[in-house]
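Shown here: upload.cif, mmCIF, C-alpha atoms.
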```cif
data_target
#
loop_
_atom_site.group_PDB
_atom_site.id
_atom_site.type_symbol
_atom_site.label_atom_id
_atom_site.label_comp_id
_atom_site.auth_asym_id
_atom_site.auth_seq_id
_atom_site.Cartn_x
_atom_site.Cartn_y
_atom_site.Cartn_z
ATOM 1 C CA MET O 1 0.000 0.000 0.000
ATOM 2 C CA LYS O 2 2.920 2.358 0.691
ATOM 3 C CA LYS O 3 4.111 1.793 -2.890
ATOM 4 C CA TYR O 4 0.691 2.885 -4.114
ATOM 5 C CA MET O 5 0.827 6.042 -1.987
ATOM 6 C CA ILE O 6 4.325 6.867 -3.213
ATOM 7 C CA PHE O 7 3.272 6.380 -6.859
ATOM 8 C CA MET O 8 0.158 8.474 -6.213
ATOM 9 C CA LEU O 9 2.307 11.223 -4.698
ATOM 10 C CA ILE O 10 4.769 11.109 -7.605
ATOM 11 C CA GLY O 11 1.894 11.168 -10.102
ATOM 12 C CA LEU O 12 0.199 14.060 -8.331
ATOM 13 C CA MET O 13 3.464 15.999 -8.155
ATOM 14 C CA ALA O 14 4.161 15.313 -11.838
ATOM 15 C CA ILE O 15 0.730 16.614 -12.791
ATOM 16 C CA LEU O 16 1.144 19.701 -10.637
ATOM 17 C CA SER O 17 4.872 20.324 -11.096
ATOM 18 C CA ALA O 18 4.300 22.715 -13.949
ATOM 19 C CA THR O 19 1.940 24.830 -11.880
ATOM 20 C CA ASP O 20 1.380 25.968 -8.356
ATOM 21 C CA MET O 21 -1.461 24.603 -6.249
ATOM 22 C CA VAL O 22 -4.486 26.782 -5.657
ATOM 23 C CA VAL O 23 -5.858 26.471 -2.116
ATOM 24 C CA ASN O 24 -9.458 27.618 -1.605
ATOM 25 C CA TYR O 25 -10.330 28.819 1.894
ATOM 26 C CA ALA O 26 -13.741 28.725 3.550
ATOM 27 C CA ASP O 27 -14.007 32.526 3.511
ATOM 28 C CA GLY O 28 -13.826 32.499 -0.308
ATOM 29 C CA SER O 29 -10.217 33.646 -0.550
ATOM 30 C CA MET O 30 -7.623 31.696 -2.486
ATOM 31 C CA ASP O 31 -3.855 31.329 -2.306
ATOM 32 C CA THR O 32 -1.451 30.080 -4.919
ATOM 33 C CA ILE O 33 1.228 28.014 -3.215
ATOM 34 C CA PRO O 34 4.287 26.428 -4.835
ATOM 35 C CA ILE O 35 3.777 22.677 -4.824
ATOM 36 C CA GLU O 36 6.974 22.052 -2.859
ATOM 37 C CA GLN O 37 5.514 24.010 0.064
ATOM 38 C CA ILE O 38 2.341 21.891 0.420
ATOM 39 C CA ASP O 39 2.920 19.906 3.620
ATOM 40 C CA GLN O 40 -0.433 18.124 3.255
ATOM 41 C CA ILE O 41 0.860 16.069 0.339
ATOM 42 C CA THR O 42 3.120 13.983 2.559
ATOM 43 C CA PHE O 43 0.858 10.935 2.591
ATOM 44 C CA GLU O 44 3.170 8.970 4.886
ATOM 45 C CA GLN O 45 1.724 11.011 7.786
ATOM 46 C CA TYR O 46 -1.809 9.796 7.122
ATOM 47 C CA GLU O 47 -3.713 6.737 8.298
ATOM 48 C CA MET O 48 -5.595 5.105 5.436
ATOM 49 C CA VAL O 49 -8.520 2.820 4.691
ATOM 50 C CA THR O 50 -10.102 1.813 1.386
ATOM 51 C CA VAL O 51 -13.736 0.700 1.346
ATOM 52 C CA ASP O 52 -15.607 -0.213 -1.860
ATOM 53 C CA GLY O 53 -13.230 1.859 -4.001
ATOM 54 C CA ILE O 54 -13.292 4.959 -1.777
ATOM 55 C CA GLU O 55 -9.942 5.795 -0.228
ATOM 56 C CA LEU O 56 -9.932 7.789 3.007
ATOM 57 C CA GLN O 57 -6.731 9.184 4.517
ATOM 58 C CA TRP O 58 -6.626 11.181 7.745
ATOM 59 C CA ARG O 59 -4.352 12.669 10.353
ATOM 60 C CA THR O 60 -4.757 15.054 13.269
ATOM 61 C CA ASP O 61 -2.759 17.627 15.111
ATOM 62 C CA ASP O 62 -3.741 19.477 18.289
ATOM 63 C CA GLU O 63 -6.406 21.499 16.505
ATOM 64 C CA TYR O 64 -7.445 19.973 13.158
ATOM 65 C CA LEU O 65 -8.437 16.822 11.311
ATOM 66 C CA TYR O 66 -6.824 16.677 7.850
ATOM 67 C CA VAL O 67 -8.566 14.485 5.274
ATOM 68 C CA ASN O 68 -7.766 13.212 1.790
ATOM 69 C CA VAL O 69 -10.599 11.301 0.123
ATOM 70 C CA SER O 70 -10.873 9.904 -3.379
ATOM 71 C CA ALA O 71 -13.541 7.930 -5.219
ATOM 72 C CA PRO O 72 -14.051 6.509 -8.712
ATOM 73 C CA THR O 73 -16.350 9.298 -9.918
ATOM 74 C CA THR O 74 -16.310 12.631 -11.693
ATOM 75 C CA GLY O 75 -19.172 13.767 -9.444
ATOM 76 C CA TRP O 76 -19.391 14.507 -5.724
ATOM 77 C CA VAL O 77 -17.598 12.723 -2.873
ATOM 78 C CA ALA O 78 -18.675 12.848 0.782
ATOM 79 C CA VAL O 79 -17.377 11.855 4.207
ATOM 80 C CA GLY O 80 -19.627 11.865 7.280
ATOM 81 C CA PHE O 81 -18.225 11.684 10.803
ATOM 82 C CA ASP O 82 -19.976 10.077 13.770
ATOM 83 C CA PRO O 83 -23.554 9.466 12.525
ATOM 84 C CA ILE O 84 -26.086 7.992 14.943
ATOM 85 C CA ASN O 85 -28.328 6.347 12.296
ATOM 86 C CA GLN O 86 -27.231 6.286 8.649
ATOM 87 C CA MET O 87 -26.614 10.034 7.995
ATOM 88 C CA GLU O 88 -28.424 11.388 11.048
ATOM 89 C CA ASP O 89 -26.366 13.804 13.174
ATOM 90 C CA ALA O 90 -23.228 13.216 11.077
ATOM 91 C CA ASN O 91 -20.788 16.018 10.342
ATOM 92 C CA ILE O 92 -20.771 15.611 6.547
ATOM 93 C CA ILE O 93 -18.191 17.159 4.242
ATOM 94 C CA ILE O 94 -19.253 16.940 0.601
ATOM 95 C CA GLY O 95 -17.456 18.254 -2.460
ATOM 96 C CA TYR O 96 -16.825 18.046 -6.164
ATOM 97 C CA VAL O 97 -14.571 19.397 -8.905
ATOM 98 C CA ASP O 98 -16.476 20.914 -11.822
ATOM 99 C CA GLY O 99 -15.587 20.666 -15.502
ATOM 100 C CA SER O 100 -13.401 23.778 -15.360
ATOM 101 C CA GLY O 101 -11.393 22.419 -12.397
ATOM 102 C CA ASP O 102 -12.984 24.613 -9.723
ATOM 103 C CA VAL O 103 -13.376 22.906 -6.335
ATOM 104 C CA PHE O 104 -16.566 23.188 -4.279
ATOM 105 C CA ILE O 105 -16.688 21.782 -0.735
ATOM 106 C CA ARG O 106 -19.464 22.264 1.813
ATOM 107 C CA ASP O 107 -19.912 21.535 5.519
ATOM 108 C CA ASP O 108 -23.246 19.708 6.011
ATOM 109 C CA PHE O 109 -25.151 18.145 8.894
ATOM 110 C CA GLY O 110 -27.184 14.939 8.761
ATOM 111 C CA THR O 111 -30.707 16.228 9.442
ATOM 112 C CA GLY O 112 -32.238 12.743 9.222
ATOM 113 C CA SER O 113 -31.315 9.186 8.378
ATOM 114 C CA THR O 114 -31.339 9.972 4.637
ATOM 115 C CA THR O 115 -31.161 13.776 4.516
ATOM 116 C CA HIS O 116 -28.569 16.489 5.038
ATOM 117 C CA ALA O 117 -28.330 20.262 4.758
ATOM 118 C CA SER O 118 -25.523 22.804 4.858
ATOM 119 C CA ASP O 119 -24.548 23.975 8.331
ATOM 120 C CA GLU O 120 -25.040 27.558 7.151
ATOM 121 C CA SER O 121 -28.647 26.913 6.059
ATOM 122 C CA LEU O 122 -29.334 25.544 9.552
ATOM 123 C CA GLY O 123 -27.822 28.581 11.285
ATOM 124 C CA GLY O 124 -24.343 27.132 11.783
ATOM 125 C CA MET O 125 -20.986 27.839 10.137
ATOM 126 C CA ASP O 126 -19.058 26.282 7.266
ATOM 127 C CA ASP O 127 -15.925 25.144 9.100
ATOM 128 C CA VAL O 128 -14.114 23.482 6.177
ATOM 129 C CA ASP O 129 -10.725 25.069 5.701
ATOM 130 C CA GLN O 130 -7.745 24.729 3.347
ATOM 131 C CA HIS O 131 -9.523 22.668 0.745
ATOM 132 C CA TYR O 132 -8.417 21.692 -2.704
ATOM 133 C CA GLY O 133 -9.129 18.909 -5.158
ATOM 134 C CA MET O 134 -8.716 17.523 -8.626
ATOM 135 C CA GLU O 135 -10.172 15.047 -11.078
ATOM 136 C CA ASP O 136 -7.972 12.619 -12.954
ATOM 137 C CA ALA O 137 -8.811 9.522 -15.005
ATOM 138 C CA GLY O 138 -12.363 9.257 -13.665
ATOM 139 C CA THR O 139 -11.379 9.775 -10.025
ATOM 140 C CA THR O 140 -12.227 12.747 -7.826
ATOM 141 C CA MET O 141 -9.721 13.564 -5.080
ATOM 142 C CA LEU O 142 -10.442 16.080 -2.320
ATOM 143 C CA HIS O 143 -8.385 17.432 0.555
ATOM 144 C CA PHE O 144 -9.719 19.493 3.449
ATOM 145 C CA ARG O 145 -9.236 20.207 7.092
ATOM 146 C CA ILE O 146 -11.823 20.765 9.800
ATOM 147 C CA PRO O 147 -11.416 21.810 13.426
ATOM 148 C CA LEU O 148 -11.512 18.999 15.962
ATOM 149 C CA ASN O 149 -13.842 21.238 17.978
ATOM 150 C CA SER O 150 -15.360 24.052 15.925
ATOM 151 C CA GLY O 151 -17.874 25.138 18.556
ATOM 152 C CA ASP O 152 -20.592 24.812 15.894
ATOM 153 C CA MET O 153 -23.639 22.861 17.090
ATOM 154 C CA TYR O 154 -23.783 21.191 13.636
ATOM 155 C CA ASP O 155 -20.279 19.734 13.910
ATOM 156 C CA LYS O 156 -19.153 16.826 16.051
ATOM 157 C CA VAL O 157 -16.341 17.239 18.551
ATOM 158 C CA LEU O 158 -13.623 14.817 17.450
ATOM 159 C CA VAL O 159 -11.092 13.592 20.017
ATOM 160 C CA PRO O 160 -7.750 12.069 18.988
ATOM 161 C CA GLY O 161 -7.481 8.563 20.419
ATOM 162 C CA ASN O 162 -11.213 7.848 20.000
ATOM 163 C CA ASN O 163 -12.842 5.657 17.358
ATOM 164 C CA TYR O 164 -15.595 7.008 15.095
ATOM 165 C CA ASN O 165 -18.032 5.565 12.607
ATOM 166 C CA VAL O 166 -17.579 7.213 9.225
ATOM 167 C CA ILE O 167 -19.893 7.187 6.239
ATOM 168 C CA LEU O 168 -18.395 7.398 2.754
ATOM 169 C CA ALA O 169 -20.347 8.073 -0.418
ATOM 170 C CA TYR O 170 -20.099 9.367 -3.948
ATOM 171 C CA GLY O 171 -22.431 10.355 -6.755
ATOM 172 C CA SER O 172 -22.191 11.048 -10.452
ATOM 173 C CA ALA O 173 -23.291 14.716 -10.475
ATOM 174 C CA ASP O 174 -21.326 17.890 -9.780
ATOM 175 C CA ASN O 175 -23.613 19.167 -7.020
ATOM 176 C CA PHE O 176 -24.353 18.786 -3.306
ATOM 177 C CA THR O 177 -27.768 17.158 -3.655
ATOM 178 C CA GLY O 178 -27.504 14.338 -6.198
ATOM 179 C CA PHE O 179 -28.383 10.812 -5.136
ATOM 180 C CA HIS O 180 -25.422 8.586 -4.294
ATOM 181 C CA THR O 181 -24.021 5.964 -6.620
ATOM 182 C CA LEU O 182 -22.466 4.192 -3.637
ATOM 183 C CA ALA O 183 -22.721 4.682 0.114
ATOM 184 C CA THR O 184 -20.752 2.647 2.630
ATOM 185 C CA GLY O 185 -19.104 3.034 5.993
ATOM 186 C CA THR O 186 -16.158 2.183 8.171
ATOM 187 C CA ASN O 187 -14.746 2.850 11.620
ATOM 188 C CA ILE O 188 -11.564 4.846 12.147
ATOM 189 C CA GLY O 189 -9.403 5.782 15.116
ATOM 190 C CA LEU O 190 -8.156 9.343 15.249
#
```
In structure tokens, how does this file's structure come out?
Amino acid sequence: MKKYMIFMLIGLMAILSATDMVVNYADGSMDTIPIEQIDQITFEQYEMVTVDGIELQWRTDDEYLYVNVSAPTTGWVAVGFDPINQMEDANIIIGYVDGSGDVFIRDDFGTGSTTHASDESLGGMDDVDQHYGMEDAGTTMLHFRIPLNSGDMYDKVLVPGNNYNVILAYGSADNFTGFHTLATGTNIGL
């Protein structure tokens, strides 16, 4: 598996070596950062699990959870942390890369077992930070970070050392509301 991650890193760096990486922040601002300065692309620091073709990588520091997720789709990809029943009460991060390469990521909350809405529409905050993504050969790859404790009532408090159920899903459309092509789950330790 480490060989795969190294080849993925080399491939990603080869694709991006001619250009800088654009990082989109939650407040709408963007930075252009030389690829050699992107610490998040050191996959050796991440834990990893692959379930039904969806690869989830994660790591934490004292303040944030950093996530890389990829799925075999050119539509949306989603990760939901700590649901109580299917999607209910999960902190869901959903995103896609559109045809022009722009990345859209949203912080959602599981409002029911099969429904979700953006934190902002519920009166909360979008706490996704430092996100970027790309599509390549029919695969969508997203990176983002979220606070371990955002203080938002529509986000879960995540504690390093604890285990959490995680839902993983993807769909074929470039939007936040399309029905999933595949939905599955796993359990991870932070």
Let me make sure I understand: among O:Leu190, O:Leu182, O:Ile94, O:Val128, which one has the smallest atom-to-atom distance to Leu158 (chain O) if we use only C-alpha atoms?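 Looking only at the distances to Leu158 (chain O), the closest residue turns out to be O:Leu190.
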Specify as a ChimeraX atom specification each residue included when the PyMOL selection byres ((chain O and resi 120) around 12) is applied to this file. /O:26,106-109,116-119,121-128,152-155
Reference answer for the PyMOL selection byres ((chain O and resi 162-178) around 7), as number ranges by chain: O: 71, 73-83, 94-98, 159-161, 179-190
Determine, counting all atoms listed in the file, every residue of protein, DNA or RNA that lies within 8 Å of (-6.3, 12.5, -5.9) in the file coordinates, then give the result as a PyMOL selection string. chain O and resi 8+12+68-70+133-136+139-142
Using the chain letters and numbers from the file, which residues does the PyMOL selection byres ((chain O and resi 65) around 7) grab, as a count of residues only? 11
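Our summary of the geometry notes that CA of Asn85 (chain O) is positioned 9.4 Å from CA of Gly110 (chain O).
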Expressed in Å to a single decimal, how great is the separation between CA of Gly112 (chain O) and CA of Ile93 (chain O)?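 Distance reported for this atom pair: 15.5 Å.
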Using all atoms listed in the file, which residue out of O:Glu47, O:Tyr132, O:Asp62, O:Gly138 lies closest to Gly101 (chain O)?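 Among the listed residues, the smallest separation from Gly101 (chain O) belongs to O:Tyr132.
One distance worth recording is that between CA of Gln57 (chain O) and CA of Pro72 (chain O), which is 15.4 Å.
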Which residue, O:Val49, O:Glu55, O:Gln86, O:Asn91, has the smallest gap to Val157 (chain O) when you use only C-alpha atoms?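 Comparing O:Val49, O:Glu55, O:Gln86, O:Asn91 against Val157 (chain O), the winner is O:Asn91.
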Taking into account all atoms listed in the file, which residue in the set O:Thr111, O:Asn149, O:Thr50, O:Ser100 is nearest to Met87 (chain O)?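 Ranking O:Thr111, O:Asn149, O:Thr50, O:Ser100 by distance to Met87 (chain O), first place goes to O:Thr111.
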Axis-aligned box for all listed atoms of region 93-96 of chain O, 5 Å per side, centre and edges in Å to one decimal, as AutoDock Vina command-line options:
```
--center_x -18.0 --center_y 17.6 --center_z -1.0 --size_x 12.4 --size_y 11.3 --size_z 20.4
```
